[in-house]
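So this block is upload-v7.cif, mmCIF, C-alpha atoms:
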```cif
data_target
#
loop_
_atom_site.label_atom_id
_atom_site.label_comp_id
_atom_site.auth_asym_id
_atom_site.auth_seq_id
_atom_site.Cartn_x
_atom_site.Cartn_y
_atom_site.Cartn_z
CA MET A 1 0.00 0.00 0.00
CA THR A 2 1.43 3.38 -1.00
CA ILE A 3 1.42 6.49 1.22
CA ARG A 4 -1.11 8.11 -1.16
CA THR A 5 -3.48 5.12 -0.81
CA ALA A 6 -3.10 5.12 3.00
CA ILE A 7 -3.86 8.87 3.19
CA PHE A 8 -6.99 8.63 1.03
CA LEU A 9 -8.14 5.49 2.87
CA ALA A 10 -7.80 7.37 6.18
CA ILE A 11 -9.69 10.40 4.78
CA THR A 12 -12.49 8.11 3.48
CA VAL A 13 -12.90 6.24 6.78
CA LEU A 14 -12.58 9.32 9.02
CA ALA A 15 -14.87 11.52 6.89
CA ASN A 16 -17.61 8.87 6.56
CA THR A 17 -17.50 7.93 10.24
CA GLY A 18 -17.31 11.60 11.28
CA GLY A 19 -20.32 12.33 9.05
CA GLU A 20 -22.40 9.59 10.66
CA ILE A 21 -21.37 10.75 14.14
CA ALA A 22 -22.44 14.30 13.22
CA VAL A 23 -25.84 12.93 12.02
CA THR A 24 -26.16 11.15 15.38
CA ARG A 25 -25.36 14.39 17.21
CA ALA A 26 -28.00 16.27 15.17
CA MET A 27 -30.65 13.63 15.90
CA LYS A 28 -29.78 13.53 19.62
CA ASP A 29 -30.22 17.34 19.74
CA ILE A 30 -33.67 16.96 18.16
CA GLY A 31 -34.64 14.32 20.70
CA GLU A 32 -36.44 11.01 20.55
CA VAL A 33 -38.88 10.67 17.66
CA LYS A 34 -42.22 9.66 19.20
CA ASN A 35 -44.78 10.61 16.55
CA PHE A 36 -44.54 8.49 13.39
CA GLU A 37 -47.19 10.32 11.34
CA LEU A 38 -45.83 11.48 7.98
CA ALA A 39 -46.26 15.20 8.75
CA ALA A 40 -44.42 14.79 12.08
CA LEU A 41 -41.58 12.89 10.38
CA PHE A 42 -41.19 15.65 7.79
CA ALA A 43 -41.12 18.17 10.65
CA VAL A 44 -38.25 16.17 12.22
CA LEU A 45 -36.45 16.21 8.86
CA GLY A 46 -36.93 19.98 8.65
CA ARG A 47 -35.49 20.44 12.16
CA ALA A 48 -32.58 18.15 11.29
CA PHE A 49 -31.65 20.31 8.30
CA ARG A 50 -31.68 23.42 10.49
CA SER A 51 -28.98 21.83 12.66
CA ARG A 52 -25.36 22.81 11.95
CA TRP A 53 -24.38 19.23 12.87
CA MET A 54 -26.43 17.96 9.93
CA TRP A 55 -24.66 20.33 7.53
CA LEU A 56 -21.30 19.28 8.97
CA ALA A 57 -22.44 15.68 8.39
CA ILE A 58 -23.37 16.40 4.77
CA GLY A 59 -19.99 18.07 4.20
CA LEU A 60 -18.04 15.20 5.77
CA LEU A 61 -20.05 12.52 3.92
CA ALA A 62 -19.42 14.38 0.64
CA VAL A 63 -15.67 14.48 1.40
CA GLY A 64 -15.79 10.75 2.22
CA PHE A 65 -17.67 9.95 -1.00
CA PHE A 66 -15.32 11.90 -3.29
CA SER A 67 -12.27 10.57 -1.44
CA LEU A 68 -13.58 7.03 -2.06
CA LEU A 69 -14.14 7.77 -5.76
CA THR A 70 -10.61 9.22 -6.03
CA LEU A 71 -9.16 6.17 -4.27
CA LEU A 72 -11.04 3.84 -6.62
CA SER A 73 -9.49 5.62 -9.63
CA TRP A 74 -6.16 3.89 -8.93
CA ALA A 75 -6.70 1.25 -6.21
CA ASP A 76 -8.53 -2.06 -6.68
CA VAL A 77 -12.12 -2.15 -5.44
CA SER A 78 -11.37 -5.61 -3.96
CA PHE A 79 -8.86 -3.90 -1.66
CA VAL A 80 -10.58 -0.55 -1.01
CA ILE A 81 -14.09 -1.66 0.03
CA PRO A 82 -12.97 -4.39 2.49
CA ALA A 83 -10.40 -1.94 3.93
CA THR A 84 -13.15 0.61 4.67
CA ALA A 85 -14.93 -2.03 6.83
CA PHE A 86 -12.47 -0.90 9.51
CA SER A 87 -14.76 2.17 9.85
CA TYR A 88 -17.01 0.22 12.28
CA VAL A 89 -14.13 0.10 14.79
CA VAL A 90 -13.33 3.80 14.17
CA GLY A 91 -17.07 4.49 14.65
CA GLY A 92 -16.96 2.66 18.00
CA LEU A 93 -14.05 4.86 19.13
CA GLY A 94 -15.86 8.00 17.90
CA ALA A 95 -19.06 6.95 19.70
CA LYS A 96 -17.08 6.45 22.94
CA PHE A 97 -14.96 9.60 22.87
CA LEU A 98 -17.16 12.08 20.94
CA LEU A 99 -20.69 10.97 21.84
CA GLY A 100 -20.00 9.63 25.35
CA GLU A 101 -21.52 6.19 24.64
CA ARG A 102 -20.53 3.39 27.00
CA LEU A 103 -19.41 0.40 24.96
CA SER A 104 -19.49 -2.92 26.80
CA PRO A 105 -16.99 -5.70 25.93
CA ALA A 106 -19.85 -7.55 24.17
CA ARG A 107 -20.54 -4.54 21.94
CA TRP A 108 -16.83 -4.15 21.12
CA ALA A 109 -16.63 -7.85 20.27
CA GLY A 110 -19.68 -7.51 18.01
CA ILE A 111 -18.22 -4.43 16.28
CA VAL A 112 -14.91 -6.20 15.60
CA LEU A 113 -16.72 -9.29 14.25
CA VAL A 114 -18.94 -7.14 12.01
CA SER A 115 -15.81 -5.37 10.63
CA VAL A 116 -14.11 -8.69 9.87
CA GLY A 117 -17.32 -10.14 8.36
CA VAL A 118 -17.96 -7.11 6.12
CA ALA A 119 -14.31 -7.16 4.97
CA LEU A 120 -14.65 -10.86 4.01
CA VAL A 121 -18.01 -10.37 2.23
CA CYS A 122 -16.62 -7.41 0.26
CA ALA A 123 -13.30 -9.11 -0.54
CA GLY A 124 -13.12 -9.90 -4.24
CA MET B 1 -29.21 1.36 33.18
CA SER B 2 -32.61 -0.06 32.27
CA PHE B 3 -33.96 0.57 28.82
CA PRO B 4 -37.73 1.18 28.56
CA VAL B 5 -39.68 -1.64 26.91
CA ALA B 6 -41.35 0.76 24.43
CA LEU B 7 -37.97 2.03 23.22
CA ARG B 8 -36.59 -1.49 22.88
CA ALA B 9 -39.70 -2.45 20.89
CA LYS B 10 -39.29 0.59 18.61
CA THR B 11 -35.63 -0.31 18.07
CA ILE B 12 -36.50 -3.95 17.30
CA ILE B 13 -39.00 -2.76 14.66
CA MET B 14 -36.86 0.01 13.14
CA VAL B 15 -33.50 -1.82 12.77
CA PRO B 16 -34.99 -4.54 10.48
CA LEU B 17 -36.62 -1.71 8.46
CA ILE B 18 -33.16 -0.12 8.03
CA VAL B 19 -31.84 -3.46 6.80
CA LEU B 20 -34.89 -4.06 4.57
CA PHE B 21 -34.76 -0.64 2.88
CA GLY B 22 -30.95 -0.65 2.62
CA SER B 23 -30.87 -4.12 1.05
CA THR B 24 -33.82 -3.45 -1.27
CA GLY B 25 -32.36 -0.11 -2.38
CA ASN B 26 -28.98 -1.67 -3.20
CA ILE B 27 -30.52 -4.66 -5.02
CA LEU B 28 -32.85 -2.44 -7.11
CA LEU B 29 -29.96 -0.08 -8.00
CA SER B 30 -27.80 -3.06 -8.94
CA ARG B 31 -30.59 -4.49 -11.12
CA GLY B 32 -31.12 -1.11 -12.79
CA MET B 33 -27.41 -0.64 -13.54
CA LYS B 34 -27.06 -4.21 -14.87
CA GLN B 35 -29.99 -3.55 -17.23
CA LEU B 36 -28.09 -0.57 -18.61
CA GLY B 37 -25.13 -2.79 -19.46
CA ALA B 38 -21.41 -2.01 -19.32
CA VAL B 39 -20.60 1.69 -19.05
CA ARG B 40 -18.30 3.13 -21.74
CA PHE B 41 -17.10 6.72 -22.04
CA ALA B 42 -15.81 7.87 -25.40
CA SER B 43 -17.13 11.45 -25.28
CA ALA B 44 -19.00 13.93 -23.08
CA MET B 45 -22.20 12.99 -24.95
CA ASP B 46 -21.75 9.40 -23.72
CA LEU B 47 -21.90 10.73 -20.15
CA VAL B 48 -25.07 12.74 -20.88
CA ARG B 49 -26.67 9.68 -22.55
CA LEU B 50 -25.69 7.51 -19.57
CA PHE B 51 -27.33 9.94 -17.11
CA MET B 52 -30.48 10.07 -19.28
CA ARG B 53 -30.64 6.27 -19.30
CA ILE B 54 -29.93 6.00 -15.56
CA PHE B 55 -32.66 8.45 -14.60
CA SER B 56 -35.22 7.00 -17.00
CA SER B 57 -34.90 3.58 -15.33
CA GLY B 58 -37.75 2.65 -13.01
CA TRP B 59 -35.47 0.21 -11.14
CA ILE B 60 -33.00 2.99 -10.34
CA TRP B 61 -35.72 5.36 -9.10
CA MET B 62 -37.09 2.59 -6.88
CA GLY B 63 -33.53 1.95 -5.64
CA ILE B 64 -33.07 5.64 -4.82
CA GLY B 65 -36.45 5.56 -3.02
CA GLY B 66 -35.32 2.53 -0.99
CA LEU B 67 -32.07 4.22 0.00
CA LEU B 68 -33.90 7.43 1.02
CA LEU B 69 -36.20 5.35 3.25
CA PHE B 70 -33.06 3.64 4.63
CA LEU B 71 -31.55 7.05 5.47
CA GLY B 72 -34.80 8.27 7.06
CA CYS B 73 -35.11 5.18 9.29
CA PHE B 74 -31.38 5.39 10.18
CA MET B 75 -31.83 9.00 11.32
CA VAL B 76 -35.02 8.25 13.29
CA VAL B 77 -33.38 5.36 15.21
CA LEU B 78 -30.35 7.53 16.02
CA SER B 79 -32.71 9.96 17.80
CA TRP B 80 -32.87 7.48 20.69
CA ALA B 81 -30.34 4.65 20.12
CA ASP B 82 -26.52 4.64 20.25
CA TYR B 83 -24.55 5.09 17.03
CA SER B 84 -22.33 2.20 18.16
CA TYR B 85 -25.49 0.03 18.31
CA VAL B 86 -27.21 1.13 15.09
CA ALA B 87 -24.21 1.20 12.70
CA PRO B 88 -23.08 -2.43 13.28
CA ALA B 89 -26.71 -3.63 13.34
CA ALA B 90 -27.28 -1.92 9.96
CA ALA B 91 -24.30 -3.92 8.62
CA THR B 92 -26.73 -6.84 8.36
CA VAL B 93 -27.33 -5.34 4.88
CA TYR B 94 -23.93 -6.81 3.86
CA ALA B 95 -25.21 -10.28 4.83
CA VAL B 96 -28.74 -9.91 3.44
CA VAL B 97 -27.76 -8.62 -0.03
CA PRO B 98 -25.62 -11.66 -1.01
CA LEU B 99 -28.21 -14.01 0.56
CA VAL B 100 -31.01 -12.46 -1.54
CA GLY B 101 -28.68 -12.54 -4.56
CA HIS B 102 -28.05 -16.24 -3.96
CA PHE B 103 -31.55 -17.46 -3.14
CA LEU B 104 -33.68 -15.15 -5.31
CA LEU B 105 -31.41 -14.14 -8.19
CA GLY B 106 -29.37 -17.37 -8.41
CA GLU B 107 -26.02 -15.59 -7.91
CA LYS B 108 -23.05 -17.65 -6.75
CA VAL B 109 -21.66 -16.91 -3.26
CA ALA B 110 -17.98 -17.81 -2.70
CA PRO B 111 -17.04 -19.88 0.39
CA LEU B 112 -15.11 -16.92 1.86
CA HIS B 113 -18.24 -14.77 1.52
CA TRP B 114 -20.32 -17.40 3.38
CA VAL B 115 -17.80 -17.21 6.25
CA GLY B 116 -18.13 -13.39 6.20
CA ILE B 117 -21.94 -13.60 6.29
CA LEU B 118 -21.77 -15.96 9.29
CA ILE B 119 -19.31 -13.68 11.15
CA ILE B 120 -21.52 -10.62 10.48
CA CYS B 121 -24.56 -12.47 11.89
CA VAL B 122 -22.64 -13.45 15.06
CA GLY B 123 -21.34 -9.87 15.44
CA VAL B 124 -24.79 -8.31 14.95
CA GLY B 125 -26.23 -10.86 17.40
CA LEU B 126 -23.67 -9.77 20.03
CA VAL B 127 -24.36 -6.05 19.47
CA GLY B 128 -28.13 -6.72 19.46
CA HIS B 129 -27.94 -8.18 22.96
CA THR B 130 -26.48 -4.98 24.42
CA THR B 131 -28.55 -2.03 25.68
CA PRO B 132 -29.54 0.07 22.62
CA SER B 133 -28.90 3.39 24.41
CA THR B 134 -26.21 4.06 27.00
CA THR B 135 -26.52 7.86 26.99
CA ARG B 136 -30.25 8.21 27.64
CA GLN B 137 -31.13 10.34 30.70
CA GLN B 138 -33.60 8.63 33.06
#
```
Take the structure in this file and express it as structure tokens.
Amino acid sequence: MTIRTAIFLAITVLANTGGEIAVTRAMKDIGEVKNFELAALFAVLGRAFRSRWMWLAIGLLAVGFFSLLTLLSWADVSFVIPATAFSYVVGGLGAKFLLGERLSPARWAGIVLVSVGVALVCAG
Amino acid sequence: MSFPVALRAKTIIMVPLIVLFGSTGNILLSRGMKQLGAVRFASAMDLVRLFMRIFSSGWIWMGIGGLLLFLGCFMVVLSWADYSYVAPAAATVYAVVPLVGHFLLGEKVAPLHWVGILIICVGVGLVGHTTPSTTRQQ
């Protein structure tokens, strides 16, 4: 793996995970969705898009997407997609340190297994 | 910390919906793109023609619809459940898509992929047995 591939892989994983963590933060600010009527759900969506966390999420997810496309322009998809499965572990760390979630050993074990499983399924 | 029964029930209903819409969206998009055939770019007009064909495909619009529903459900669940619970649980999509491909579309699944599917299921099972929210204020 070249330095360029490692840098773009890191950008892809960090930007995608950071984007999802920012979405989580936006939704936690809005609070628990209790009303599942269509109008109420659209109201939640409207509030989400007034949150700066949501716009940060959109920005980070866009960076992650274009970084992935750039990476795929020279690296093999059979290497890139399984390698990004590592993002579940990065997501666990982000959830612990940025969102204050308490991850039990069972949840960590599940996250690691999911990462390995996704990497195997996506391996060419 | 105890987790209210109503919230657990909502989570148990919503996570399979995330998996259902995510899997369906991906499968419909894949079907739509396969119908279009191999993509070739010789000129800028080829790109315009490709976009016209992509967005005139019913399969692709249904796929986009599925993925929008996936995103909506993902956001709703995150309003009460942990990210570290929802993200790995949503990874069931990676197990469901090849299973649907194998059993409904007759696609071949390699032995290594079967091992991956099994490991994902065990991992999701482990995460699923933890408390969905560890940050909720009582």
Legend entry - Point (-19.6, -14.1, 3.8) neighbourhood (9 Å, only C-alpha atoms) written as an MDAnalysis selection string: (chainID A and resid 117:122) or (chainID B and resid 94:95 98 109:120)
Given the PyMOL selection byres ((chain A and resi 5) around 10), the residues it picks as a JSON list (two decimals) with C-alpha atoms, in the coordinates of the input:
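Result went into selection12.json, see below:
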```
[["chain", "number", "residue", "atom", "x", "y", "z"],
["A", 1, "MET", "CA", 0.00, 0.00, 0.00],
["A", 2, "THR", "CA", 1.43, 3.38, -1.00],
["A", 3, "ILE", "CA", 1.42, 6.49, 1.22],
["A", 4, "ARG", "CA", -1.11, 8.11, -1.16],
["A", 6, "ALA", "CA", -3.10, 5.12, 3.00],
["A", 7, "ILE", "CA", -3.86, 8.87, 3.19],
["A", 8, "PHE", "CA", -6.99, 8.63, 1.03],
["A", 9, "LEU", "CA", -8.14, 5.49, 2.87],
["A", 10, "ALA", "CA", -7.80, 7.37, 6.18],
["A", 11, "ILE", "CA", -9.69, 10.40, 4.78],
["A", 70, "THR", "CA", -10.61, 9.22, -6.03],
["A", 71, "LEU", "CA", -9.16, 6.17, -4.27],
["A", 72, "LEU", "CA", -11.04, 3.84, -6.62],
["A", 74, "TRP", "CA", -6.16, 3.89, -8.93],
["A", 75, "ALA", "CA", -6.70, 1.25, -6.21],
["A", 80, "VAL", "CA", -10.58, -0.55, -1.01]]
```
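For the set B:Gly123, B:Thr130, B:Met33, B:Gly66, the residue with the smallest atom-to-atom gap to Pro88 (chain B) is B:Gly123, counting only C-alpha atoms.
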Inset, instruction - For chain B, work out the contacting residues on chain A at 6 Å, counting all atoms listed in the file, and write them as a list in words. - result: Thr24, Met27, Lys28, Gly31, Glu32, Gly92, Ala95, Glu101, Arg102, Arg107, Gly110, Leu113, Val114, Gly117, Leu120 and Val121 of chain A
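Picked out by the PyMOL selection byres ((chain A and resi 86) around 8) when it runs on this file: Val13, Pro82, Ala83, Thr84, Ala85, Ser87, Tyr88, Val89, Val90, Ser115, Val116 and Ala119 of chain A.
Atom pair CA of Arg31 (chain B) / CA of Arg49 (chain B) has a distance of 18.6 Å (rounded to one decimal).
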